[in-house]
Amino acid sequence: MTPPQQTSGQPLLPPTPAQTVGPFYGYALPFPGGPEAVPPGRPDAITVHGVVYDGSGAPIPDALLEFWQADPDGTRSGAPGSLRRDPVTGGFLGRHPHVFTGFTRVATDADGGYAVHTLAPPSSAPYLAVAVFARGLLHHLYTRAYLPVDGAADDALLGRLAPERRATLLAVPGPDRTYRFDVRLQGENETVFLEHA
Amino acid sequence: MGDPTQELISKEIAEARDGYAAARAGGAPEGHHPDRGYLPYRSSALRHPHNPLERVADPDAVELSGPVFGVTDVTDWDADLTAQHVGEPLGERITVTGQVLDRAGRPVRGQLVEIWQANASGRYAHQRDRHPAPLDPNFTGAGRCLTDDEGRYTFTTVKPGAYPWRNHVNAWRPAHIHFSLFGAAFTQRLVTQMYFPGDPLFAYDPILQSVTDDAARQRLVAAYDHDLSVPEFSLGYRWDIVLDGPTATWIEEGRA
């Protein structure tokens, strides 16, 4: 692989290396309402939930997941306000109920579990992009949680994966508009992780 | 089998560096980022994938755009970690500033930078940090800001202390500040750590040494900048950051 070049032919700047998020991000990165792109009670809200596992099958209690997705109408511009603050106290106000920022952040609990509340992505991009951070993970990982919406069957990435690998990217529908998406960092049924070029 | 010694970890660090040098001599590309399966950092053993990453080169990928943040998401107080409590924290007051660029050299404007760190004694405000160093009631150690129109960030804080951890016997982390950054695309997301120049613990630390390329590892170390020191107030450090990863505009400009 040769280093990428700018169109002008100038070599690109070398990037700053990644380092692990470590075990102590819990008082800094999570924020109130972080897992809720929409209020959980909203009729069209969906819940994506699951467990993050290590290579021995043990749940990981100190992972951090971030989700980014297209708006249900297909736009990808996002919106500020995921961490909307109170200008008087500086505290967290919670997101504006009618602004969809497309971004959620959630730390796993002591059982390795997580849940986020959001809207179903559009058929033009029927997945939630996922970034996985954890103690022990020196450089974060990307994956995708595909929702069974119209269009998912035609997805190019899913189409080229072997069935058992493809299955690791499919969120499994449950009752009450819930979808189960587990992340396995290593070993049996290891999640497919992505490199973007 | 007992806990590994520093001697063993240092031997593994040297072997990984020699292996990288040999690979480079054989024509392998520069490794800018750590190998996720880096053996000397023991916690990585069960937490890295064995399968190669699946390459995605889709110009319509959602990851080529990303979340955005604005003035509603931060307050001015967030960038001063010394002013978040009633009293002043203990420690050496510092100013840390730098410019965030993409690999084409363009400033990353209006994006969220988050930091967290131990206090001056090397203790995190986290219940799972059992290092018997004092907590500081006047220091939490978390901050946020948005980059300005030139991609710059600035924080006022105190210099964090080194602290022990349990990777191996007598393991100590060099002083560092954790950074989290967003770019113009989700592909540019970066979580990393900034180190202080001249720290004698560098050679012993498997997390810093996981970056086996000497030039890349040096990019994690801030520079002391006397011009940034504020008279009678704080010492200044400069640390510029370059975000990796493609964006939608990058591809539109014909890079791919």
# chains A, B, ... in the order shown; residues from 1 in each chain; ligands from 1

call {"tool": "residues_around", "arguments": {"residues": "B:Phe139", "least_positions_apart": "2", "cutoff": "7 Å", "atoms": "only C-alpha atoms", "output": "list in words"}}
result
Thr82, His85, Pro89, Asn119, Asp136, Pro137 and Gly141 of chain B

call {"tool": "select_by_dssp", "arguments": {"residues": "chain A", "states": "alpha helix (DSSP H)", "output": "MDAnalysis selection string"}}
result
chainID A and resid 156:160 163:166

call {"tool": "closest_atom_pairs", "arguments": {"of": "chain A", "to": "chain B", "cutoff": "6 Å", "atoms": "only C-alpha atoms", "output": "JSON lines"}}
result
{"residue": "A:Gln6", "atom": "CA", "partner": "B:Arg255", "partner_atom": "CA", "distance": 6.0}
{"residue": "A:Thr7", "atom": "CA", "partner": "B:Arg255", "partner_atom": "CA", "distance": 5.8}
{"residue": "A:Leu12", "atom": "CA", "partner": "B:Arg103", "partner_atom": "CA", "distance": 5.2}
{"residue": "A:Leu13", "atom": "CA", "partner": "B:Arg103", "partner_atom": "CA", "distance": 4.7}
{"residue": "A:Pro15", "atom": "CA", "partner": "B:Val242", "partner_atom": "CA", "distance": 4.7}
{"residue": "A:Thr16", "atom": "CA", "partner": "B:Val242", "partner_atom": "CA", "distance": 5.2}
{"residue": "A:Pro17", "atom": "CA", "partner": "B:His33", "partner_atom": "CA", "distance": 4.7}
{"residue": "A:Ala18", "atom": "CA", "partner": "B:Thr192", "partner_atom": "CA", "distance": 4.7}
{"residue": "A:Gln19", "atom": "CA", "partner": "B:Thr192", "partner_atom": "CA", "distance": 4.2}
{"residue": "A:Ala28", "atom": "CA", "partner": "B:Ala142", "partner_atom": "CA", "distance": 5.2}
{"residue": "A:Asp54", "atom": "CA", "partner": "B:Arg47", "partner_atom": "CA", "distance": 5.4}
{"residue": "A:Gly55", "atom": "CA", "partner": "B:Leu46", "partner_atom": "CA", "distance": 4.6}
{"residue": "A:Gly78", "atom": "CA", "partner": "B:Pro67", "partner_atom": "CA", "distance": 5.5}
{"residue": "A:Ala79", "atom": "CA", "partner": "B:Val68", "partner_atom": "CA", "distance": 5.7}
{"residue": "A:Pro80", "atom": "CA", "partner": "B:Phe69", "partner_atom": "CA", "distance": 4.2}
{"residue": "A:Gly81", "atom": "CA", "partner": "B:Asp73", "partner_atom": "CA", "distance": 5.7}
{"residue": "A:Leu83", "atom": "CA", "partner": "B:Asp73", "partner_atom": "CA", "distance": 4.6}
{"residue": "A:Arg84", "atom": "CA", "partner": "B:Asp73", "partner_atom": "CA", "distance": 4.7}
{"residue": "A:Arg85", "atom": "CA", "partner": "B:Asp73", "partner_atom": "CA", "distance": 5.7}
{"residue": "A:Phe103", "atom": "CA", "partner": "B:Pro67", "partner_atom": "CA", "distance": 5.9}
{"residue": "A:Gly136", "atom": "CA", "partner": "B:Ser44", "partner_atom": "CA", "distance": 4.2}
{"residue": "A:Leu137", "atom": "CA", "partner": "B:Ser44", "partner_atom": "CA", "distance": 5.8}
{"residue": "A:Leu138", "atom": "CA", "partner": "B:Arg36", "partner_atom": "CA", "distance": 5.4}
{"residue": "A:Leu185", "atom": "CA", "partner": "B:Pro49", "partner_atom": "CA", "distance": 5.4}
{"residue": "A:Gln186", "atom": "CA", "partner": "B:Pro49", "partner_atom": "CA", "distance": 4.5}
{"residue": "A:Phe193", "atom": "CA", "partner": "B:Leu53", "partner_atom": "CA", "distance": 5.3}
{"residue": "A:Leu194", "atom": "CA", "partner": "B:Glu54", "partner_atom": "CA", "distance": 4.6}
{"residue": "A:Glu195", "atom": "CA", "partner": "B:Arg55", "partner_atom": "CA", "distance": 4.7}
{"residue": "A:His196", "atom": "CA", "partner": "B:Val56", "partner_atom": "CA", "distance": 4.9}
{"residue": "A:Ala197", "atom": "CA", "partner": "B:Ala57", "partner_atom": "CA", "distance": 5.0}

call {"tool": "write_last_selection", "arguments": {"atoms": "C-alpha atoms", "output": "compact mmCIF listing (two decimals), in the first residue's frame"}}
result
# COMPACT_ATOMS: atom_id res chain seq x y z
CA GLN A 6 -3.38 14.68 -2.35
CA THR A 7 -4.62 15.63 -5.81
CA LEU A 12 -0.13 13.90 3.14
CA LEU A 13 0.76 14.76 6.72
CA PRO A 15 -1.36 11.14 11.32
CA THR A 16 -1.27 11.24 15.11
CA PRO A 17 -1.28 7.63 16.36
CA ALA A 18 -4.21 6.23 18.33
CA GLN A 19 -3.87 5.09 21.94
CA ALA A 28 -15.20 12.34 31.08
CA ASP A 54 -13.82 -10.48 24.65
CA GLY A 55 -12.03 -13.44 23.08
CA GLY A 78 -26.18 15.67 11.59
CA ALA A 79 -26.98 18.50 13.99
CA PRO A 80 -25.35 20.04 17.06
CA GLY A 81 -26.96 19.49 20.42
CA LEU A 83 -24.55 17.52 24.63
CA ARG A 84 -26.93 20.52 24.79
CA ARG A 85 -26.07 22.66 27.78
CA PHE A 103 -25.07 10.49 17.34
CA GLY A 136 -6.97 -3.20 26.05
CA LEU A 137 -7.93 -1.95 22.59
CA LEU A 138 -5.03 0.19 21.38
CA LEU A 185 -13.91 -8.53 19.69
CA GLN A 186 -12.21 -11.85 19.07
CA PHE A 193 -14.61 -4.90 11.70
CA LEU A 194 -14.08 -2.34 8.96
CA GLU A 195 -11.27 -0.27 7.49
CA HIS A 196 -12.41 2.77 5.51
CA ALA A 197 -10.47 3.73 2.41

call {"tool": "residues_around", "arguments": {"residues": "A:Glu66", "least_positions_apart": "5", "cutoff": "10 Å", "atoms": "only C-alpha atoms", "output": "number ranges by chain"}}
result
A: 34-35, 103-107, 116, 128-133, 142; B: 186

call {"tool": "residues_around", "arguments": {"residues": "stretch 166-173 of chain A", "least_positions_apart": "4", "cutoff": "8 Å", "atoms": "only C-alpha atoms", "output": "compact mmCIF listing (two decimals) with N, CA, C and O atoms, in the first residue's frame"}}
result
# COMPACT_ATOMS: atom_id res chain seq x y z
N VAL A 48 -31.52 -0.26 20.20
CA VAL A 48 -30.48 -1.19 19.78
C VAL A 48 -29.68 -1.51 21.04
O VAL A 48 -29.23 -0.60 21.75
N THR A 143 -17.43 -0.93 13.13
CA THR A 143 -18.27 -1.96 12.55
C THR A 143 -19.59 -1.30 12.16
O THR A 143 -19.70 -0.07 12.19
N ARG A 144 -20.57 -2.11 11.76
CA ARG A 144 -21.89 -1.58 11.43
C ARG A 144 -22.96 -2.50 12.01
O ARG A 144 -22.80 -3.72 11.95
N ALA A 145 -24.01 -1.89 12.52
CA ALA A 145 -25.19 -2.64 12.96
C ALA A 145 -26.28 -2.42 11.90
O ALA A 145 -26.85 -1.32 11.81
N TYR A 146 -26.51 -3.45 11.08
CA TYR A 146 -27.53 -3.34 10.02
C TYR A 146 -28.90 -3.64 10.59
O TYR A 146 -29.10 -4.64 11.28
N LEU A 147 -29.84 -2.77 10.26
CA LEU A 147 -31.22 -2.98 10.68
C LEU A 147 -31.98 -3.62 9.51
O LEU A 147 -31.71 -3.31 8.35
N PRO A 148 -32.92 -4.50 9.81
CA PRO A 148 -33.67 -5.16 8.73
C PRO A 148 -34.73 -4.23 8.13
O PRO A 148 -35.93 -4.48 8.22
N LEU A 158 -22.60 -6.26 2.84
CA LEU A 158 -23.23 -7.51 3.28
C LEU A 158 -23.14 -8.56 2.18
O LEU A 158 -22.91 -9.74 2.44
N LEU A 161 -19.84 -10.68 1.97
CA LEU A 161 -19.38 -11.45 3.14
C LEU A 161 -19.98 -12.85 3.12
O LEU A 161 -21.12 -13.04 2.70
N ALA A 162 -19.19 -13.81 3.62
CA ALA A 162 -19.73 -15.17 3.80
C ALA A 162 -20.86 -15.11 4.82
O ALA A 162 -20.84 -14.26 5.71
N ARG A 177 -39.94 -3.14 19.17
CA ARG A 177 -39.01 -2.34 18.37
C ARG A 177 -37.60 -2.36 18.94
O ARG A 177 -36.87 -1.37 18.92
N THR A 178 -37.18 -3.51 19.47
CA THR A 178 -35.81 -3.67 19.95
C THR A 178 -35.01 -4.50 18.94
O THR A 178 -35.57 -5.32 18.21
N TYR A 179 -33.71 -4.26 18.90
CA TYR A 179 -32.81 -4.98 18.00
C TYR A 179 -31.56 -5.33 18.79
O TYR A 179 -30.96 -4.47 19.42
N ARG A 180 -31.19 -6.61 18.73
CA ARG A 180 -30.02 -7.06 19.50
C ARG A 180 -28.78 -7.03 18.61
O ARG A 180 -28.76 -7.63 17.53
N PHE A 181 -27.75 -6.34 19.08
CA PHE A 181 -26.50 -6.29 18.33
C PHE A 181 -25.34 -6.48 19.31
O PHE A 181 -24.97 -5.57 20.05
N ASP A 182 -24.81 -7.71 19.33
CA ASP A 182 -23.66 -8.00 20.19
C ASP A 182 -22.37 -7.72 19.42
O ASP A 182 -22.34 -7.81 18.19
N VAL A 183 -21.33 -7.39 20.16
CA VAL A 183 -20.01 -7.16 19.56
C VAL A 183 -19.05 -8.17 20.16
O VAL A 183 -18.91 -8.24 21.39
N ASN A 189 -17.35 -16.44 16.13
CA ASN A 189 -18.31 -15.42 15.70
C ASN A 189 -17.80 -13.99 15.87
O ASN A 189 -18.58 -13.07 16.14
N GLU A 190 -16.48 -13.84 15.72
CA GLU A 190 -15.88 -12.51 15.82
C GLU A 190 -16.59 -11.55 14.87
O GLU A 190 -16.82 -11.85 13.70
N THR A 191 -16.94 -10.38 15.41
CA THR A 191 -17.63 -9.36 14.62
C THR A 191 -16.74 -8.94 13.43
O THR A 191 -15.52 -8.88 13.56
N VAL A 192 -17.36 -8.65 12.32
CA VAL A 192 -16.63 -8.08 11.18
C VAL A 192 -16.32 -6.62 11.49
O VAL A 192 -17.23 -5.82 11.77

call {"tool": "atom_distance", "arguments": {"atom1": "atom CA of B:Leu181", "atom2": "atom CA of B:Tyr195"}}
result
16.2 Å

call {"tool": "atom_distance", "arguments": {"atom1": "atom CA of A:Gly74", "atom2": "atom CA of A:Pro40"}}
result
21.4 Å

call {"tool": "residues_around", "arguments": {"residues": "A:Leu119", "least_positions_apart": "6", "cutoff": "8 Å", "atoms": "only C-alpha atoms", "output": "JSON, numbers by chain"}}
result
{"A": [37, 38, 44, 45, 46, 71, 72]}

call {"tool": "residues_around", "arguments": {"residues": "B:Gly110", "least_positions_apart": "2", "cutoff": "10 Å", "atoms": "only C-alpha atoms", "output": "list in words"}}
result
Val68, Phe69, Gly70, Val71, Pro107, Val108, Leu112, Val113, Cys145, Leu146, Thr147, Asp148, Asp149, Glu150, Gly151, Arg152, Tyr153, Phe182, Gly183 and Ala184 of chain B

call {"tool": "closest_residue", "arguments": {"among": "A:Gly102, A:Pro175, A:Gly113, A:Pro11", "to": "A:Gln69", "atoms": "only C-alpha atoms"}}
result
A:Gly102

call {"tool": "atom_distance", "arguments": {"atom1": "atom CA of B:Gly161", "atom2": "atom CA of B:Gly91"}}
result
8.9 Å

call {"tool": "closest_atom_pairs", "arguments": {"of": "stretch 150-190 of chain A", "to": "stretch 122-127 of chain A", "cutoff": "8 Å", "atoms": "only C-alpha atoms", "output": "tab-separated table"}}
result
residue	atom	partner	partner_atom	distance
A:Asp150	CA	A:Ser123	CA	5.2
A:Gly151	CA	A:Ser123	CA	4.8
A:Ala152	CA	A:Pro126	CA	5.7

call {"tool": "select_by_dssp", "arguments": {"residues": "stretch 145-237 of chain B", "states": "strand (DSSP E or B)", "output": "PyMOL selection string"}}
result
chain B and resi 145-146+152-158+163-165+171-173+176-181+190-195+221+223-224+230+234-237

call {"tool": "residues_around", "arguments": {"residues": "A:Asp109", "least_positions_apart": "2", "cutoff": "12 Å", "atoms": "only C-alpha atoms", "output": "PDB file with N, CA and C atoms, in the first residue's frame"}}
result
ATOM      1  N   GLY A  26     -14.652   7.102  32.291  1.00  0.00           N
ATOM      2  CA  GLY A  26     -16.067   7.122  32.681  1.00  0.00           C
ATOM      3  C   GLY A  26     -16.576   8.438  33.237  1.00  0.00           C
ATOM      4  N   PRO A  30     -18.794   9.762  28.829  1.00  0.00           N
ATOM      5  CA  PRO A  30     -20.258   9.628  28.856  1.00  0.00           C
ATOM      6  C   PRO A  30     -20.906  10.947  29.300  1.00  0.00           C
ATOM      7  N   HIS A  49     -29.563  -2.806  21.326  1.00  0.00           N
ATOM      8  CA  HIS A  49     -28.927  -3.202  22.586  1.00  0.00           C
ATOM      9  C   HIS A  49     -28.124  -4.468  22.377  1.00  0.00           C
ATOM     10  N   GLY A  50     -27.250  -4.771  23.324  1.00  0.00           N
ATOM     11  CA  GLY A  50     -26.450  -5.979  23.203  1.00  0.00           C
ATOM     12  C   GLY A  50     -25.378  -6.017  24.266  1.00  0.00           C
ATOM     13  N   VAL A  51     -24.423  -6.910  24.046  1.00  0.00           N
ATOM     14  CA  VAL A  51     -23.323  -7.120  24.987  1.00  0.00           C
ATOM     15  C   VAL A  51     -22.027  -7.118  24.184  1.00  0.00           C
ATOM     16  N   VAL A  52     -20.980  -6.548  24.764  1.00  0.00           N
ATOM     17  CA  VAL A  52     -19.650  -6.569  24.144  1.00  0.00           C
ATOM     18  C   VAL A  52     -18.837  -7.668  24.840  1.00  0.00           C
ATOM     19  N   PRO A  59     -18.006 -10.916  29.121  1.00  0.00           N
ATOM     20  CA  PRO A  59     -18.471  -9.561  28.801  1.00  0.00           C
ATOM     21  C   PRO A  59     -17.432  -8.511  29.214  1.00  0.00           C
ATOM     22  N   ILE A  60     -17.377  -7.433  28.467  1.00  0.00           N
ATOM     23  CA  ILE A  60     -16.415  -6.356  28.730  1.00  0.00           C
ATOM     24  C   ILE A  60     -17.133  -5.203  29.427  1.00  0.00           C
ATOM     25  N   PRO A  61     -16.794  -4.963  30.701  1.00  0.00           N
ATOM     26  CA  PRO A  61     -17.518  -3.929  31.463  1.00  0.00           C
ATOM     27  C   PRO A  61     -16.975  -2.519  31.245  1.00  0.00           C
ATOM     28  N   ASP A  62     -15.898  -2.375  30.481  1.00  0.00           N
ATOM     29  CA  ASP A  62     -15.332  -1.037  30.307  1.00  0.00           C
ATOM     30  C   ASP A  62     -15.095  -0.727  28.827  1.00  0.00           C
ATOM     31  N   ALA A  63     -16.109  -1.017  28.027  1.00  0.00           N
ATOM     32  CA  ALA A  63     -16.081  -0.613  26.624  1.00  0.00           C
ATOM     33  C   ALA A  63     -16.951   0.631  26.447  1.00  0.00           C
ATOM     34  N   LEU A  64     -16.663   1.387  25.428  1.00  0.00           N
ATOM     35  CA  LEU A  64     -17.459   2.571  25.083  1.00  0.00           C
ATOM     36  C   LEU A  64     -17.835   2.439  23.609  1.00  0.00           C
ATOM     37  N   LEU A  65     -19.125   2.600  23.322  1.00  0.00           N
ATOM     38  CA  LEU A  65     -19.594   2.498  21.943  1.00  0.00           C
ATOM     39  C   LEU A  65     -20.142   3.841  21.491  1.00  0.00           C
ATOM     40  N   VAL A 106     -22.473   5.410  24.439  1.00  0.00           N
ATOM     41  CA  VAL A 106     -22.884   4.646  25.610  1.00  0.00           C
ATOM     42  C   VAL A 106     -21.711   3.818  26.113  1.00  0.00           C
ATOM     43  N   ALA A 107     -21.513   3.808  27.432  1.00  0.00           N
ATOM     44  CA  ALA A 107     -20.509   2.939  28.052  1.00  0.00           C
ATOM     45  C   ALA A 107     -21.198   1.634  28.440  1.00  0.00           C
ATOM     46  N   ASP A 111     -22.142  -5.668  33.394  1.00  0.00           N
ATOM     47  CA  ASP A 111     -22.391  -6.931  32.701  1.00  0.00           C
ATOM     48  C   ASP A 111     -22.012  -6.875  31.220  1.00  0.00           C
ATOM     49  N   GLY A 112     -21.359  -5.802  30.801  1.00  0.00           N
ATOM     50  CA  GLY A 112     -20.959  -5.671  29.399  1.00  0.00           C
ATOM     51  C   GLY A 112     -22.089  -5.229  28.487  1.00  0.00           C
ATOM     52  N   GLY A 113     -23.234  -4.896  29.062  1.00  0.00           N
ATOM     53  CA  GLY A 113     -24.404  -4.569  28.248  1.00  0.00           C
ATOM     54  C   GLY A 113     -24.517  -3.088  27.930  1.00  0.00           C
ATOM     55  N   TYR A 114     -25.268  -2.787  26.879  1.00  0.00           N
ATOM     56  CA  TYR A 114     -25.522  -1.395  26.500  1.00  0.00           C
ATOM     57  C   TYR A 114     -26.887  -1.341  25.824  1.00  0.00           C
ATOM     58  N   ALA A 115     -27.439  -0.153  25.743  1.00  0.00           N
ATOM     59  CA  ALA A 115     -28.654   0.079  24.945  1.00  0.00           C
ATOM     60  C   ALA A 115     -28.650   1.528  24.490  1.00  0.00           C
TER      61      ALA A 115
END
